[in-house]
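Note sheet for the following structure.
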Amino acid sequence: MNTTPPEGLSEAELADWQYEHRDELDAQGEDDEVVEVEYAQPLATTISFRLPVSEAAAISKAAQDAGISRSDWIRSACKAALGERPVVPDRVVKNVEQVADEVSATYAHLTELLDTMGVPPGHRRAAKPSP
Amino acid sequence: MRIDYVDLDEGNTPHVTRHGVTEFEVYAAFDTKPSVRRNKGDGTAGYYIVANGIRVNFVYDAEGRAARPISAWRMR
């Protein structure tokens with residue numbers, strides 16, 4: 001049984017060789033070594049496509065204006081077309097988290113100030129519910 | 001081995017899909033996070049997965065942590 005391809009084959013030639021020997025390769029199955037593998041979450045791939053230079057330039061500019069990578073911008077547009085949530089870059093998530101932390105700290109500081117001033121809780125205006 | 005992405009492009013897609021397995025099926029097969037096997041005695045492109053009834057043979061790019069499919073077929 002020959003399941004070792006000749007050396008120096010191109011990808012296309014190797015593909016042909018593998019397909020021609022698929023019966024031997026499939027039959028060998030259980031004897032083959034299992035390799036320990038870890039997969040990224042989520043697993044990614046690369047999709048390349050051609051477009052007019054003018055459209056590529058417009059996309060690059062739009063991504064730059066939005067402060068995200070061109071890849072994230074294109075993914076966002078594709079996800080929007082698929083009816084999914086747009087891509088939110090980690091940088092933006094971190095900024096929002098930082099603002100939320102600052103608002104919480106300010107609220108705690110103001111509450112402490114009102115306590116110091118002796119304003120009883122019943123005399124404090126209730127926070128407006130978020131919309 | 002760690003696989004971060006599946007490398008299908010205009011160079012390898014034609015011969016990966018030549019025998020009736022679609023690009024989508026190749027992605028879906030990897031998405032099941034199947035076991036990886038290595039052909040005995042094959043030092044060139046010996047890795048493969050079997051999932052969803054198809055077999056995908058690939059080369060592994062250790063630097064890029066990428067699985068680059070070479071061929072695929074339906075298991076009989």
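Following the order of the structure tokens, first chain is A, next is B, and so on, with residues numbered from 1 inside each chain and ligands from 1 in the order they appear.
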
*Select residues of chain B: the criterion is any atom within 9 Å of an atom of chain A, counting only C-alpha atoms; output as an MDAnalysis selection string.*
chainID B and resid 1:12 14:16 19 27 30:31 33:47 55 57 66 70:73 75:76

Restricted to C-alpha atoms, what would the selected residues look like written as a tab-separated table (two decimals), in the first residue's frame?
```
chain	number	residue	atom	x	y	z
B	1	MET	CA	-0.90	21.74	17.04
B	2	ARG	CA	-3.09	24.82	17.31
B	3	ILE	CA	-5.40	25.83	14.48
B	4	ASP	CA	-6.40	29.49	14.43
B	5	TYR	CA	-7.77	29.64	10.92
B	6	VAL	CA	-8.62	27.68	7.83
B	7	ASP	CA	-6.67	28.92	4.85
B	8	LEU	CA	-8.85	28.60	1.77
B	9	ASP	CA	-8.12	31.01	-1.05
B	10	GLU	CA	-8.18	31.25	-4.82
B	11	GLY	CA	-5.10	29.03	-4.96
B	12	ASN	CA	-6.38	25.95	-3.16
B	14	PRO	CA	-10.43	24.89	-6.93
B	15	HIS	CA	-8.73	21.58	-6.13
B	16	VAL	CA	-10.33	21.26	-2.67
B	19	HIS	CA	-14.79	16.43	-6.13
B	27	TYR	CA	-15.54	25.27	6.94
B	30	PHE	CA	-13.44	22.29	10.83
B	31	ASP	CA	-16.09	24.08	12.86
B	33	LYS	CA	-13.43	20.82	16.01
B	34	PRO	CA	-12.69	17.27	14.96
B	35	SER	CA	-9.68	15.14	15.84
B	36	VAL	CA	-6.70	15.57	13.58
B	37	ARG	CA	-4.87	12.54	12.24
B	38	ARG	CA	-1.58	12.22	10.46
B	39	ASN	CA	-0.94	9.70	7.72
B	40	LYS	CA	1.74	7.21	8.67
B	41	GLY	CA	4.91	7.77	6.67
B	42	ASP	CA	3.63	10.88	4.96
B	43	GLY	CA	5.84	13.83	5.69
B	44	THR	CA	4.40	16.28	3.19
B	45	ALA	CA	0.68	16.80	3.59
B	46	GLY	CA	-0.21	14.10	6.01
B	47	TYR	CA	-2.82	15.76	8.18
B	55	ARG	CA	-12.48	13.94	4.71
B	57	ASN	CA	-6.58	16.65	3.84
B	66	ALA	CA	-3.26	27.65	9.82
B	70	ILE	CA	-5.38	20.42	-0.15
B	71	SER	CA	-8.17	18.02	-1.08
B	72	ALA	CA	-11.50	16.77	0.19
B	73	TRP	CA	-13.93	13.99	-0.60
B	75	MET	CA	-16.28	9.15	2.77
B	76	ARG	CA	-17.67	5.96	1.25
```

*Would you return as an MDAnalysis selection string the members of chain B that DSSP assigns to strand (DSSP E) on this structure's backbone?*
chainID B and resid 2:6 36:38 47:51 54:61 66:74

Store the residues picked out above in a file with N, CA and C atoms, as a short mmCIF file (atom, residue, chain, number, x, y, z; two decimals), in the first residue's frame.
```
data_model
loop_
_atom_site.label_atom_id
_atom_site.label_comp_id
_atom_site.auth_asym_id
_atom_site.auth_seq_id
_atom_site.Cartn_x
_atom_site.Cartn_y
_atom_site.Cartn_z
N ARG B 2 -1.98 23.92 17.03
CA ARG B 2 -3.09 24.82 17.31
C ARG B 2 -3.56 25.39 15.98
N ILE B 3 -4.85 25.33 15.73
CA ILE B 3 -5.40 25.83 14.48
C ILE B 3 -6.20 27.09 14.77
N ASP B 4 -5.70 28.22 14.25
CA ASP B 4 -6.40 29.49 14.43
C ASP B 4 -7.31 29.81 13.25
N TYR B 5 -6.88 29.38 12.06
CA TYR B 5 -7.77 29.64 10.92
C TYR B 5 -7.58 28.64 9.80
N VAL B 6 -8.61 28.58 8.98
CA VAL B 6 -8.62 27.68 7.83
C VAL B 6 -8.28 28.51 6.60
N VAL B 36 -7.60 15.50 14.74
CA VAL B 36 -6.70 15.57 13.58
C VAL B 36 -5.87 14.30 13.57
N ARG B 37 -5.72 13.72 12.39
CA ARG B 37 -4.87 12.54 12.24
C ARG B 37 -3.76 12.84 11.24
N ARG B 38 -2.71 12.05 11.38
CA ARG B 38 -1.58 12.22 10.46
C ARG B 38 -1.32 10.88 9.78
N TYR B 47 -1.77 15.56 7.19
CA TYR B 47 -2.82 15.76 8.18
C TYR B 47 -4.20 15.69 7.54
N TYR B 48 -5.16 15.23 8.31
CA TYR B 48 -6.52 15.25 7.80
C TYR B 48 -7.53 15.20 8.94
N ILE B 49 -8.73 15.62 8.61
CA ILE B 49 -9.85 15.49 9.55
C ILE B 49 -10.96 14.73 8.83
N VAL B 50 -11.79 14.09 9.60
CA VAL B 50 -13.01 13.48 9.06
C VAL B 50 -14.16 14.01 9.90
N ALA B 51 -15.09 14.68 9.24
CA ALA B 51 -16.25 15.23 9.96
C ALA B 51 -17.40 15.41 8.99
N ILE B 54 -17.23 13.89 5.51
CA ILE B 54 -16.22 14.22 4.51
C ILE B 54 -14.82 14.16 5.14
N ARG B 55 -13.87 13.94 4.28
CA ARG B 55 -12.48 13.94 4.71
C ARG B 55 -11.80 15.15 4.07
N VAL B 56 -11.07 15.91 4.89
CA VAL B 56 -10.33 17.06 4.38
C VAL B 56 -8.86 16.85 4.70
N ASN B 57 -8.04 16.78 3.67
CA ASN B 57 -6.58 16.65 3.84
C ASN B 57 -5.98 18.04 3.83
N PHE B 58 -5.08 18.30 4.73
CA PHE B 58 -4.52 19.65 4.78
C PHE B 58 -3.05 19.64 5.18
N VAL B 59 -2.39 20.74 4.86
CA VAL B 59 -1.04 20.97 5.36
C VAL B 59 -1.16 21.95 6.52
N TYR B 60 -0.24 21.83 7.43
CA TYR B 60 -0.30 22.70 8.61
C TYR B 60 0.82 23.72 8.56
N ASP B 61 0.44 24.98 8.69
CA ASP B 61 1.43 26.06 8.75
C ASP B 61 1.60 26.41 10.22
N ALA B 66 -2.19 27.78 10.79
CA ALA B 66 -3.26 27.65 9.82
C ALA B 66 -3.33 26.24 9.24
N ALA B 67 -4.55 25.80 9.01
CA ALA B 67 -4.77 24.54 8.29
C ALA B 67 -5.10 24.92 6.85
N ARG B 68 -4.25 24.48 5.91
CA ARG B 68 -4.49 24.81 4.51
C ARG B 68 -4.96 23.55 3.79
N PRO B 69 -6.26 23.48 3.51
CA PRO B 69 -6.79 22.29 2.85
C PRO B 69 -6.17 22.07 1.47
N ILE B 70 -5.95 20.80 1.15
CA ILE B 70 -5.38 20.42 -0.15
C ILE B 70 -6.43 19.70 -0.99
N SER B 71 -7.15 18.77 -0.35
CA SER B 71 -8.17 18.02 -1.08
C SER B 71 -9.26 17.59 -0.11
N ALA B 72 -10.39 17.23 -0.66
CA ALA B 72 -11.50 16.77 0.19
C ALA B 72 -12.38 15.84 -0.62
N TRP B 73 -12.97 14.88 0.07
CA TRP B 73 -13.93 13.99 -0.60
C TRP B 73 -14.92 13.44 0.41
N ARG B 74 -16.00 12.89 -0.13
CA ARG B 74 -16.98 12.26 0.75
C ARG B 74 -16.53 10.85 1.08
#
```

_Which of chain A end up as helix (DSSP H, G or I) when DSSP is run on this backbone - answer as a count of residues only?_
77

_Distance of CA of Arg91 (chain A) from CA of Asp65 (chain A), expressed in Å to one decimal place_ =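 Distance reported for this atom pair: 14.8 Å.
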
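What separates CA of Arg75 (chain A) from CA of Ala62 (chain A) is a distance of 13.0 Å.
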